[in-house]
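Text of start30.csv, listed as CSV, C-alpha atoms and all ligand atoms:
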chain,number,residue,atom,x,y,z
I,68,MET,CA,0.0,0.0,0.0
I,69,ALA,CA,1.3,3.5,-0.9
I,70,PRO,CA,2.2,5.7,2.0
I,71,THR,CA,-0.8,7.8,3.1
I,72,ARG,CA,-0.9,11.0,5.1
I,73,ALA,CA,-3.2,12.0,8.0
I,74,ILE,CA,-5.7,14.7,7.5
I,75,SER,CA,-5.1,17.5,10.0
I,76,GLY,CA,-4.2,21.1,10.2
I,77,ARG,CA,-1.7,22.2,7.5
I,78,GLU,CA,-1.9,18.8,5.8
I,79,ASP,CA,-5.5,19.5,5.0
I,80,GLU,CA,-4.5,22.6,3.1
I,81,GLY,CA,-2.4,20.4,0.8
I,82,ALA,CA,-5.3,18.1,0.3
I,83,ARG,CA,-7.4,21.0,-0.8
I,84,ALA,CA,-5.0,22.2,-3.4
I,85,VAL,CA,-6.7,22.1,-6.8
I,86,GLY,CA,-4.4,22.9,-9.6
I,87,LYS,CA,-4.2,26.4,-11.0
I,88,LEU,CA,-6.9,29.0,-11.4
I,89,ARG,CA,-7.8,28.8,-15.1
I,90,PRO,CA,-9.6,31.5,-17.1
I,91,GLY,CA,-13.3,30.8,-17.1
I,92,SER,CA,-13.1,28.7,-14.0
I,93,ARG,CA,-13.3,29.7,-10.3
I,94,LEU,CA,-11.0,28.5,-7.6
I,95,VAL,CA,-12.6,25.5,-6.0
I,96,THR,CA,-13.4,26.5,-2.5
I,97,SER,CA,-14.9,23.3,-1.1
I,98,PRO,CA,-12.3,21.2,0.6
I,99,ALA,CA,-11.8,17.8,-0.8
I,100,THR,CA,-12.1,16.4,2.8
I,101,ALA,CA,-15.7,17.8,3.2
I,102,VAL,CA,-16.7,16.6,-0.3
I,103,ALA,CA,-15.4,13.1,0.5
I,104,GLY,CA,-17.9,12.8,3.3
I,105,ARG,CA,-20.8,13.2,0.8
I,106,PHE,CA,-20.2,9.7,-0.7
I,107,ALA,CA,-21.8,6.5,0.5
I,108,THR,CA,-18.7,4.9,2.0
I,109,GLU,CA,-18.6,3.1,5.3
I,110,GLY,CA,-16.4,4.0,8.2
I,111,ARG,CA,-14.0,6.9,8.7
I,112,LEU,CA,-11.9,8.8,6.2
I,113,VAL,CA,-8.4,8.4,7.4
I,114,SER,CA,-6.3,9.9,4.6
I,115,LEU,CA,-6.5,11.9,1.4
I,116,GLU,CA,-3.4,12.1,-0.8
I,117,PRO,CA,-3.2,14.3,-3.9
I,118,GLN,CA,-2.4,12.1,-7.0
I,119,PRO,CA,0.1,13.2,-9.6
I,120,GLY,CA,-0.3,12.3,-13.3
I,121,GLY,CA,-3.2,13.8,-15.1
I,122,HIS,CA,-2.9,17.2,-16.8
I,123,ILE,CA,-6.5,18.2,-16.4
I,124,ASN,CA,-8.6,17.0,-13.4
I,125,ASP,CA,-7.6,16.9,-9.8
I,126,SER,CA,-7.4,13.6,-8.1
I,127,TRP,CA,-6.8,12.2,-4.6
I,128,MET,CA,-6.4,8.8,-3.2
I,129,ALA,CA,-8.9,8.6,-0.3
I,130,VAL,CA,-8.7,5.9,2.3
I,131,TRP,CA,-11.6,4.9,4.6
I,132,ASP,CA,-11.4,2.7,7.7
I,133,GLY,CA,-14.6,0.7,7.8
I,134,PRO,CA,-16.0,-2.5,9.3
I,135,GLY,CA,-14.5,-4.6,6.6
I,136,GLY,CA,-11.0,-3.0,6.9
I,137,ARG,CA,-9.3,-0.3,5.0
I,138,ARG,CA,-10.6,0.6,1.5
I,139,ARG,CA,-9.1,2.9,-1.1
I,140,PHE,CA,-10.9,5.1,-3.6
I,141,LEU,CA,-10.1,7.8,-6.1
I,142,LEU,CA,-11.7,11.1,-5.4
I,143,GLN,CA,-11.8,13.4,-8.5
I,144,HIS,CA,-12.8,17.0,-9.1
I,145,ILE,CA,-13.7,17.6,-12.8
I,146,ASN,CA,-12.1,20.6,-14.4
I,147,ARG,CA,-14.9,22.8,-15.6
I,148,PHE,CA,-12.7,25.0,-17.7
I,149,VAL,CA,-12.0,21.9,-19.9
I,150,PHE,CA,-15.2,20.0,-19.4
I,151,ARG,CA,-17.9,22.7,-19.7
I,152,LYS,CA,-20.7,20.3,-19.0
I,153,PRO,CA,-19.5,17.9,-16.3
I,154,GLU,CA,-22.9,16.3,-15.9
I,155,GLU,CA,-22.6,15.1,-19.5
I,156,VAL,CA,-19.2,13.6,-18.7
I,157,MET,CA,-20.9,11.7,-15.8
I,158,GLU,CA,-23.8,10.5,-18.0
I,159,ASN,CA,-21.3,9.1,-20.5
I,160,LEU,CA,-19.3,7.5,-17.7
I,161,VAL,CA,-22.4,5.7,-16.3
I,162,ARG,CA,-23.4,4.4,-19.7
I,163,LEU,CA,-19.9,3.3,-20.6
I,164,THR,CA,-19.1,1.5,-17.3
I,165,SER,CA,-22.4,-0.4,-17.5
I,166,GLN,CA,-21.7,-1.4,-21.1
I,167,VAL,CA,-18.2,-2.6,-20.4
I,168,THR,CA,-19.5,-4.5,-17.3
I,169,ALA,CA,-22.2,-6.2,-19.4
I,170,GLN,CA,-19.7,-7.2,-22.0
I,171,LEU,CA,-17.3,-8.6,-19.4
I,172,VAL,CA,-20.1,-10.7,-17.8
I,173,ARG,CA,-21.3,-11.9,-21.2
I,174,GLU,CA,-17.7,-13.0,-22.1
I,175,SER,CA,-17.3,-14.6,-18.6
I,176,VAL,CA,-14.0,-12.8,-18.0
I,177,PRO,CA,-12.5,-13.5,-14.6
I,178,GLU,CA,-12.5,-10.8,-12.0
I,179,PRO,CA,-14.7,-8.4,-13.9
I,180,GLU,CA,-14.7,-5.9,-11.0
I,181,ARG,CA,-11.0,-5.3,-11.6
I,182,ARG,CA,-11.5,-4.6,-15.3
I,183,VAL,CA,-13.9,-1.7,-15.3
I,184,LEU,CA,-14.2,1.6,-13.4
I,185,GLN,CA,-16.9,1.6,-10.7
I,186,LEU,CA,-18.5,4.7,-9.3
I,187,VAL,CA,-19.4,5.1,-5.7
I,188,PRO,CA,-22.8,6.9,-5.4
I,189,THR,CA,-23.3,9.9,-3.1
I,190,ARG,CA,-25.3,9.5,0.2
I,191,ASP,CA,-28.3,10.8,-1.8
I,192,GLY,CA,-27.9,8.1,-4.5
I,193,ALA,CA,-26.5,10.4,-7.2
I,194,THR,CA,-23.6,9.5,-9.5
I,195,HIS,CA,-21.6,12.5,-8.5
I,196,HIS,CA,-21.6,15.3,-5.9
I,197,LEU,CA,-22.6,18.7,-7.3
I,198,GLU,CA,-21.5,21.7,-5.2
I,199,PRO,CA,-23.8,24.8,-5.1
I,200,ASP,CA,-21.3,26.6,-7.3
I,201,GLY,CA,-21.6,23.9,-10.0
I,202,GLU,CA,-18.3,22.1,-9.3
I,203,VAL,CA,-18.6,18.3,-9.8
I,204,TRP,CA,-16.9,15.6,-7.8
I,205,ARG,CA,-17.0,11.9,-8.1
I,206,LEU,CA,-15.6,8.9,-6.3
I,207,LEU,CA,-14.3,5.7,-7.9
I,208,VAL,CA,-13.3,2.4,-6.4
I,209,TRP,CA,-9.5,2.0,-6.4
I,210,ILE,CA,-8.6,-1.1,-8.3
I,211,GLU,CA,-6.2,-2.8,-6.0
I,212,GLY,CA,-3.1,-4.7,-7.2
I,213,THR,CA,-2.6,-2.5,-10.3
I,214,ARG,CA,0.0,0.0,-11.5
I,215,SER,CA,0.2,2.4,-14.4
I,216,THR,CA,3.2,3.5,-16.4
I,217,GLU,CA,4.1,6.5,-18.5
I,218,ARG,CA,6.3,4.6,-21.0
I,219,ALA,CA,6.2,1.2,-22.7
I,220,GLU,CA,9.2,-0.7,-21.4
I,221,THR,CA,9.1,-3.5,-24.0
I,222,PRO,CA,7.3,-4.3,-27.3
I,223,ALA,CA,5.3,-7.0,-25.4
I,224,GLN,CA,4.0,-4.4,-23.0
I,225,ALA,CA,3.1,-2.1,-25.9
I,226,ARG,CA,1.3,-4.9,-27.6
I,227,ALA,CA,-0.7,-5.7,-24.5
I,228,ALA,CA,-1.7,-2.1,-23.9
I,229,ALA,CA,-2.8,-1.8,-27.5
I,230,GLY,CA,-4.8,-4.9,-27.1
I,231,ALA,CA,-6.5,-3.4,-24.1
I,232,PHE,CA,-7.6,-0.3,-26.1
I,233,GLY,CA,-8.6,-2.5,-29.1
I,234,SER,CA,-10.8,-4.6,-26.8
I,235,PHE,CA,-12.2,-1.5,-25.3
I,236,LEU,CA,-13.2,-0.2,-28.7
I,237,ARG,CA,-14.9,-3.5,-29.4
I,238,GLN,CA,-16.7,-3.5,-26.0
I,239,ILE,CA,-18.2,-0.1,-26.6
I,240,ALA,CA,-18.9,-0.5,-30.3
I,241,GLY,CA,-22.4,-1.6,-29.7
I,242,LEU,CA,-23.3,0.9,-27.1
I,243,PRO,CA,-27.1,1.1,-27.1
I,244,GLY,CA,-29.0,4.4,-27.1
I,245,PRO,CA,-28.2,7.8,-28.5
I,246,PRO,CA,-24.6,8.8,-29.4
I,247,LEU,CA,-22.4,9.7,-26.4
I,248,HIS,CA,-22.2,13.4,-25.5
I,249,GLU,CA,-19.4,15.3,-27.1
I,250,THR,CA,-17.7,16.2,-23.8
I,251,ILE,CA,-15.2,18.5,-25.5
I,252,PRO,CA,-16.5,19.8,-28.9
I,253,HIS,CA,-14.0,19.4,-31.8
I,254,PHE,CA,-11.6,17.6,-29.5
I,255,HIS,CA,-9.6,15.7,-32.2
I,256,ASP,CA,-10.5,18.2,-35.0
I,257,THR,CA,-6.9,18.5,-36.2
I,258,PRO,CA,-7.5,21.3,-38.7
I,259,ALA,CA,-9.2,23.3,-36.0
I,260,ARG,CA,-6.3,22.6,-33.6
I,261,LEU,CA,-3.8,24.0,-36.2
I,262,ALA,CA,-6.1,27.0,-36.7
I,263,ALA,CA,-6.1,27.6,-33.0
I,264,LEU,CA,-2.3,27.5,-33.0
I,265,GLU,CA,-2.3,30.1,-35.8
I,266,ARG,CA,-4.5,32.3,-33.7
I,267,ALA,CA,-2.3,31.9,-30.7
I,268,VAL,CA,0.7,33.0,-32.9
I,269,ALA,CA,-1.2,36.0,-34.2
I,270,GLU,CA,-2.3,37.1,-30.7
I,271,ASP,CA,1.0,36.3,-28.9
I,272,THR,CA,-0.6,37.0,-25.6
I,273,ALA,CA,2.3,35.8,-23.5
I,274,GLY,CA,5.0,37.3,-25.8
I,275,ARG,CA,6.6,33.9,-26.5
I,276,VAL,CA,6.3,33.8,-30.3
I,277,ALA,CA,9.7,35.2,-31.0
I,278,ASP,CA,11.4,32.4,-29.2
I,279,THR,CA,9.4,29.6,-30.8
I,280,ARG,CA,9.6,30.3,-34.6
I,281,PRO,CA,11.2,27.0,-35.5
I,282,GLU,CA,8.5,25.0,-33.6
I,283,ILE,CA,5.7,27.1,-35.0
I,284,GLU,CA,7.0,26.5,-38.6
I,285,ALA,CA,7.6,22.8,-38.0
I,286,ILE,CA,3.9,22.4,-37.2
I,287,LEU,CA,2.3,24.8,-39.6
I,288,ASP,CA,4.4,23.5,-42.5
I,289,ARG,CA,2.5,20.2,-42.0
I,290,ARG,CA,-1.0,21.6,-42.5
I,291,ALA,CA,-1.7,19.0,-45.3
I,292,LEU,CA,-1.0,16.2,-42.8
I,293,GLY,CA,-3.4,17.8,-40.4
I,294,HIS,CA,-6.2,17.3,-42.9
I,295,ALA,CA,-5.3,13.7,-43.9
I,296,LEU,CA,-8.0,12.1,-41.7
I,297,ASP,CA,-10.7,14.8,-41.6
I,298,ASP,CA,-10.9,15.0,-45.4
I,299,ARG,CA,-11.6,11.3,-45.4
I,300,VAL,CA,-14.4,11.7,-42.9
I,301,ALA,CA,-15.9,14.5,-44.9
I,302,GLY,CA,-15.6,12.2,-48.0
I,303,GLY,CA,-17.4,9.4,-46.2
I,304,GLU,CA,-14.5,7.0,-46.3
I,305,LEU,CA,-13.9,7.0,-42.5
I,306,ALA,CA,-16.7,6.6,-40.0
I,307,LEU,CA,-17.0,8.0,-36.5
I,308,ARG,CA,-17.7,5.6,-33.7
I,309,PRO,CA,-17.4,5.6,-29.9
I,310,THR,CA,-13.6,5.9,-29.2
I,311,HIS,CA,-11.5,6.5,-26.2
I,312,ASN,CA,-9.8,9.7,-27.5
I,313,ASP,CA,-6.9,9.6,-24.9
I,314,ALA,CA,-5.5,6.2,-25.6
I,315,LYS,CA,-2.1,6.7,-23.9
I,316,ILE,CA,-0.3,4.1,-22.0
I,317,ALA,CA,-0.8,6.0,-18.7
I,318,ASN,CA,-4.6,5.2,-19.1
I,319,VAL,CA,-4.2,1.5,-18.8
I,320,LEU,CA,-3.9,-0.2,-15.4
I,321,PHE,CA,-1.7,-3.3,-15.4
I,322,ASP,CA,-1.9,-6.1,-12.9
I,323,THR,CA,1.1,-5.6,-10.6
I,324,ALA,CA,1.6,-9.4,-10.2
I,325,THR,CA,1.2,-10.6,-13.8
I,326,GLY,CA,1.7,-7.5,-15.9
I,327,GLU,CA,-1.6,-8.2,-17.7
I,328,PRO,CA,-3.5,-5.0,-18.8
I,329,LEU,CA,-6.6,-5.1,-16.7
I,330,CYS,CA,-8.5,-1.8,-17.1
I,331,VAL,CA,-8.8,1.1,-19.4
I,332,VAL,CA,-9.3,4.3,-17.4
I,333,ASP,CA,-9.9,8.0,-18.0
I,334,LEU,CA,-13.2,7.8,-19.8
I,335,ASP,CA,-14.0,11.5,-19.8
I,336,THR,CA,-13.3,12.0,-23.5
I,337,VAL,CA,-14.9,8.8,-24.7
I,338,MET,CA,-17.2,10.1,-27.5
I,339,PRO,CA,-17.7,9.7,-31.2
I,340,GLY,CA,-14.3,9.7,-32.8
I,341,LEU,CA,-11.9,7.8,-35.1
I,342,ALA,CA,-10.2,4.5,-34.2
I,343,LEU,CA,-7.2,6.0,-35.9
I,344,HIS,CA,-7.0,8.7,-33.3
I,345,ASP,CA,-6.8,6.1,-30.6
I,346,PHE,CA,-4.1,4.3,-32.4
I,347,GLY,CA,-2.3,7.6,-32.8
I,348,ASP,CA,-2.3,8.2,-29.1
I,349,MET,CA,-1.0,4.8,-28.5
I,350,VAL,CA,1.9,5.4,-30.8
I,351,ARG,CA,2.4,8.9,-29.4
I,352,SER,CA,2.7,7.7,-25.9
I,353,MET,CA,4.6,4.4,-26.4
I,354,VAL,CA,6.7,4.4,-29.5
I,355,SER,CA,9.5,6.5,-28.0
I,356,ASP,CA,11.4,5.6,-24.8
I,357,ALA,CA,11.5,9.3,-23.8
I,358,ALA,CA,8.8,10.9,-21.6
I,359,GLU,CA,6.3,13.3,-23.2
I,360,ASP,CA,8.0,16.2,-21.4
I,361,GLU,CA,11.6,15.1,-21.9
I,362,PRO,CA,13.6,18.3,-22.0
I,363,ASP,CA,16.3,16.8,-24.3
I,364,CYS,CA,14.2,16.0,-27.3
I,365,SER,CA,17.2,14.4,-29.1
I,366,ARG,CA,16.3,11.4,-26.9
I,367,VAL,CA,13.0,11.1,-28.7
I,368,GLU,CA,13.0,8.3,-31.4
I,369,ALA,CA,10.3,6.1,-32.8
I,370,ARG,CA,11.2,2.4,-32.0
I,371,VAL,CA,10.0,0.5,-35.0
I,372,PRO,CA,9.6,-2.9,-33.1
I,373,VAL,CA,7.3,-1.1,-30.7
I,374,PHE,CA,5.2,0.4,-33.6
I,375,GLU,CA,4.9,-3.1,-35.0
I,376,ALA,CA,3.8,-4.5,-31.6
I,377,LEU,CA,1.2,-1.7,-31.3
I,378,ALA,CA,-0.2,-2.4,-34.7
I,379,ARG,CA,-0.4,-6.1,-34.0
I,380,GLY,CA,-1.9,-5.7,-30.6
I,381,PHE,CA,-4.5,-3.2,-31.7
I,382,THR,CA,-5.6,-4.9,-34.9
I,383,GLU,CA,-5.8,-8.4,-33.2
I,384,ALA,CA,-8.0,-7.1,-30.4
I,385,ALA,CA,-10.2,-4.7,-32.5
I,386,GLY,CA,-10.7,-7.4,-35.1
I,387,GLU,CA,-13.5,-6.6,-37.6
I,388,ALA,CA,-14.1,-3.3,-35.8
I,389,LEU,CA,-11.3,-1.9,-38.1
I,390,SER,CA,-11.9,-1.6,-41.9
I,391,PRO,CA,-9.1,-2.4,-44.4
I,392,LEU,CA,-8.7,1.3,-45.0
I,393,GLU,CA,-8.3,2.0,-41.3
I,394,ARG,CA,-5.7,-0.7,-41.1
I,395,SER,CA,-3.7,0.8,-44.0
I,396,LEU,CA,-3.9,4.3,-42.4
I,397,LEU,CA,-2.5,3.3,-39.1
I,398,PRO,CA,0.8,5.2,-39.7
I,399,THR,CA,-1.1,8.3,-40.8
I,400,GLY,CA,-3.2,8.1,-37.6
I,401,ALA,CA,0.1,8.1,-35.6
I,402,LEU,CA,1.4,11.2,-37.5
I,403,VAL,CA,-1.8,13.2,-37.3
I,404,ILE,CA,-2.4,12.7,-33.6
I,405,THR,CA,1.3,13.5,-32.7
I,406,LEU,CA,1.1,16.6,-34.9
I,407,GLU,CA,-2.1,17.6,-33.3
I,408,GLN,CA,-0.7,17.1,-29.8
I,409,ALA,CA,2.3,19.2,-30.8
I,410,ALA,CA,0.0,22.0,-31.9
I,411,ARG,CA,-2.1,21.8,-28.6
I,412,PHE,CA,1.0,22.0,-26.4
I,413,LEU,CA,2.6,24.8,-28.4
I,414,ALA,CA,-0.7,26.9,-28.5
I,415,ASP,CA,-1.0,26.4,-24.7
I,416,HIS,CA,2.6,27.6,-24.3
I,417,LEU,CA,2.0,30.7,-26.4
I,418,GLU,CA,-1.2,31.5,-24.5
I,419,GLY,CA,0.6,31.4,-21.2
I,420,ASP,CA,-0.3,27.8,-20.2
I,421,PRO,CA,-4.0,28.1,-19.4
I,422,TYR,CA,-4.9,24.5,-20.2
I,423,TYR,CA,-2.3,21.9,-19.3
I,424,ARG,CA,-1.0,21.7,-15.8
I,425,THR,CA,2.7,22.7,-15.8
I,426,SER,CA,5.4,22.3,-13.1
I,427,ARG,CA,8.3,24.3,-14.6
I,428,PRO,CA,8.8,27.2,-17.0
I,429,GLY,CA,8.7,26.1,-20.6
I,430,HIS,CA,7.0,22.8,-19.7
I,431,ASN,CA,4.5,23.0,-22.5
I,432,LEU,CA,7.2,24.0,-24.9
I,433,ASP,CA,9.3,21.0,-24.0
I,434,ARG,CA,6.2,18.8,-24.5
I,435,ALA,CA,5.6,20.4,-27.9
I,436,ARG,CA,9.2,19.8,-28.9
I,437,THR,CA,9.1,16.1,-28.1
I,438,GLN,CA,5.9,15.7,-30.2
I,439,ILE,CA,7.5,17.6,-33.1
I,440,ARG,CA,10.6,15.4,-32.9
I,441,LEU,CA,8.4,12.3,-32.8
I,442,VAL,CA,6.5,13.4,-36.0
I,443,GLU,CA,9.9,13.8,-37.7
I,444,SER,CA,11.1,10.4,-36.5
I,445,LEU,CA,7.8,8.7,-37.6
I,446,GLU,CA,8.2,10.4,-41.0
I,447,ASP,CA,11.8,9.2,-41.3
I,448,HIS,CA,10.6,5.6,-40.7
I,449,GLY,CA,7.4,6.1,-42.8
I,450,ALA,CA,8.1,3.6,-45.6
I,451,GLU,CA,9.0,0.9,-43.0
I,452,LEU,CA,5.9,1.6,-40.9
I,453,GLN,CA,3.7,1.3,-44.0
I,454,ARG,CA,5.3,-2.0,-45.0
I,455,ILE,CA,4.6,-3.3,-41.5
I,456,VAL,CA,0.9,-2.5,-41.6
I,457,ASN,CA,0.5,-3.8,-45.1
I,458,ALA,CA,2.0,-7.2,-43.9
I,459,LEU,CA,-0.3,-7.5,-40.9
I,460,PRO,CA,-2.3,-10.8,-40.8
I,461,ALA,CA,-5.8,-10.3,-42.2
H,501,LIG,C1,-4.6,15.4,-21.3
H,501,LIG,O1,-5.4,14.8,-18.2
H,501,LIG,P1,-4.8,13.8,-19.1
H,501,LIG,O2,-3.3,13.7,-18.8
H,501,LIG,O3,-5.5,12.5,-19.0
H,501,LIG,C2,-5.5,15.6,-22.5
H,501,LIG,C3,-5.2,14.7,-23.6
H,501,LIG,C4,-3.8,14.8,-24.1
H,501,LIG,C5,-2.9,14.5,-22.8
H,501,LIG,C6,-1.5,14.6,-23.2
H,501,LIG,C7,-9.1,16.4,-21.8
H,501,LIG,O4,-5.0,14.2,-20.7
H,501,LIG,O5,-6.0,15.0,-24.8
H,501,LIG,O6,-3.5,13.9,-25.1
H,501,LIG,O7,-3.2,15.3,-21.7
H,501,LIG,N1,-6.9,15.5,-22.1
H,501,LIG,C8,-7.7,16.6,-22.3
H,501,LIG,O8,-0.7,13.8,-22.3
H,501,LIG,O9,-7.4,17.6,-22.9
H,502,MG,MG,-7.1,12.1,-20.3
What does the file become when written as structure tokens?
Ligand code: GN1
Ligand code: MG
Amino acid sequence: MAPTRAISGREDEGARAVGKLRPGSRLVTSPATAVAGRFATEGRLVSLEPQPGGHINDSWMAVWDGPGGRRRFLLQHINRFVFRKPEEVMENLVRLTSQVTAQLVRESVPEPERRVLQLVPTRDGATHHLEPDGEVWRLLVWIEGTRSTERAETPAQARAAAGAFGSFLRQIAGLPGPPLHETIPHFHDTPARLAALERAVAEDTAGRVADTRPEIEAILDRRALGHALDDRVAGGELALRPTHNDAKIANVLFDTATGEPLCVVDLDTVMPGLALHDFGDMVRSMVSDAAEDEPDCSRVEARVPVFEALARGFTEAAGEALSPLERSLLPTGALVITLEQAARFLADHLEGDPYYRTSRPGHNLDRARTQIRLVESLEDHGAELQRIVNALPA
């Protein structure tokens, strides 16, 4: 069990800390400790530990001492600057977790409760706690005996993670009812992300444009690539479906004992999208050995065997959910999403970092640089990557 911290006096102040004040949002005034008491847990809250990792929401590990012993949970505050309609995020989450649970039961998968997120209701029986000022909090069961990682250590691990996202795509493909809410409009609209970067350059609100000319050019010179998938959607060749939309390795929980990928997490951006975007995020987060925010971007390099493992793992698990055209466009998906992420990080840097949580000056610029370097490396290996996907077993 990870070390926990008692809630008292000054410590409590730490537990309340909720990221930075973002434009359009108000500083959250309700202490996480008070909010935690709103959920239908048994026993006494004994610790609340801020969780590092995500760039957007604020999370705490919360431990309750109850009649059945200690139990851990994940308390989360949804970022309303990013998710303008948090209730819709919650509606999607409820539908998705029931769909995945039903699929696991249908497939008689062992330990289904460790393979899907589970919400703890509030004492009033609601799926989330709504503060009078509109802030939304939720509590999830902590899945014990799992770990997450920011980097793929081996091709086998990459293949397993890609398999988890491929299976997730299959599990949610037949989601009954209306389409999921679009929790962030135009989320993976790459041309719109490039246009947003152009606007950030024109406005230069933080006075950072002069120092980032090469990065701006590297991204905007690739406008045609930015349109590669969207033009095919417009032309009816590629179809939207429920997709994860943040399919990075950090969003897979692996069994600590066996290394098996158990659960796909962070379902806030699951909405209609392209399977190729999910594959793109897998490549973006796994193909290089370097971290997303590695300050020395010469360390960023696409590892071809990892790409191959990802393509195999994803296509095997997704099966017929992927069309032949989607399979052949896998390398394009990787390039487009990496370029888009570069544009997002750089625009945030130019705007003074309102969106992504940062922990050092130039953090978003470092992130943008790793993504640009990765686009270049993927392009260098382009012919080889295409040969790999063309040779995938049918
Ligand atoms: C953000 O909060 P986190 O780390 O799950 C972002 C993703 C980016 C990712 C980059 C809602 O996700 O789109 O790909 O950072 N999520 C949102 O690591 O913008
Ligand atoms: Mg996310």
Can you list, as a ChimeraX atom specification, every protein, DNA or RNA residue that comes within 12 Å of Gly230 (chain I) when you count only C-alpha atoms, leaving out same-chain residues fewer than 3 positions away? /I:223-227,233-237,314,316,319,327-331,345-346,349,376-386
Which is closer to ligand LIG 501 (chain H) than all the others in I:Leu406, I:Leu396, I:Ala269, I:Leu261, using all atoms listed in the file?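 Of the candidates, the smallest distance to ligand LIG 501 (chain H) is held by I:Leu406.
Here CA of Asp360 (chain I) and CA of Tyr422 (chain I) stand 15.4 Å from one another.
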Pairwise distance for CA of Leu206 (chain I) and CA of Val187 (chain I), rounded to one decimal in Å: 5.4 Å
Do you have the CA of Gly340 (chain I)-CA of Val167 (chain I) distance handy?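 So the two atoms, CA of Gly340 (chain I) and CA of Val167 (chain I), lie 17.9 Å apart.
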May I have the residues at most 6 Å from (-15.5, 11.1, -3.1) in the file's coordinates, counting only C-alpha atoms, as a list in words? Ala103, Phe106, Leu142, Arg205 and Leu206 of chain I
Closest of I:Asp348, I:Asp322, I:Glu361, I:Asp278 to Arg182 (chain I) - atom-to-atom distances counting all atoms listed in the file: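 Result for the nearest residue to Arg182 (chain I): I:Asp322.
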Neighbourhood of ligand MG 502 (chain H) at 9 Å, counting only C-alpha atoms and all ligand atoms, reported as a list in words: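 Residues satisfying the distance criterion: Gly121, His122, Ile123, Asn124, Asn312, Asp313, Ala314, Lys315, Ala317, Asn318, Val332, Asp333, Leu334, Asp335 and Thr336 of chain I.
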Name all residues at most 10 Å from Pro243 (chain I) (count only C-alpha atoms; drop same-chain ones fewer than 3 positions away) and give them as a PyMOL selection string. chain I and resi 162-163+166+239-240+246-247
Measuring atom to atom with all atoms listed in the file, identify which of I:Glu393, I:Ala301, I:Thr310, I:His255 is nearest to Gln408 (chain I). I:His255
From I:Ala273, I:Ala358, I:Ala342, I:Ala324, residue lying nearest Gly429 (chain I) [only C-alpha atoms]: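 The shortest atom-to-atom distance to Gly429 (chain I) comes from I:Ala273.
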Give as a list in words the set of residues within 7 Å of the point (-1.2, -2.9, -9.8), where distances use the file's coordinates and all atoms listed in the file. Glu211, Gly212, Thr213, Arg214, Leu320, Phe321, Asp322 and Thr323 of chain I
Please provide as a PyMOL selection string all residues within 7 Å of region 440-445 of chain I, with the sequence filter that same-chain residues fewer than 2 positions apart are discarded (counting all atoms listed in the file). chain I and resi 364+367-369+402+405-406+436-438+447-449
Residues within 8 Å of Val456 (chain I), all atoms listed in the file, excluding chain neighbours under 2 positions, as a list in words: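 Residues meeting the cut-off are Glu375, Ala378, Arg394, Ser395, Leu397, Pro398, Leu452, Gln453, Arg454, Ala458 and Leu459 of chain I.
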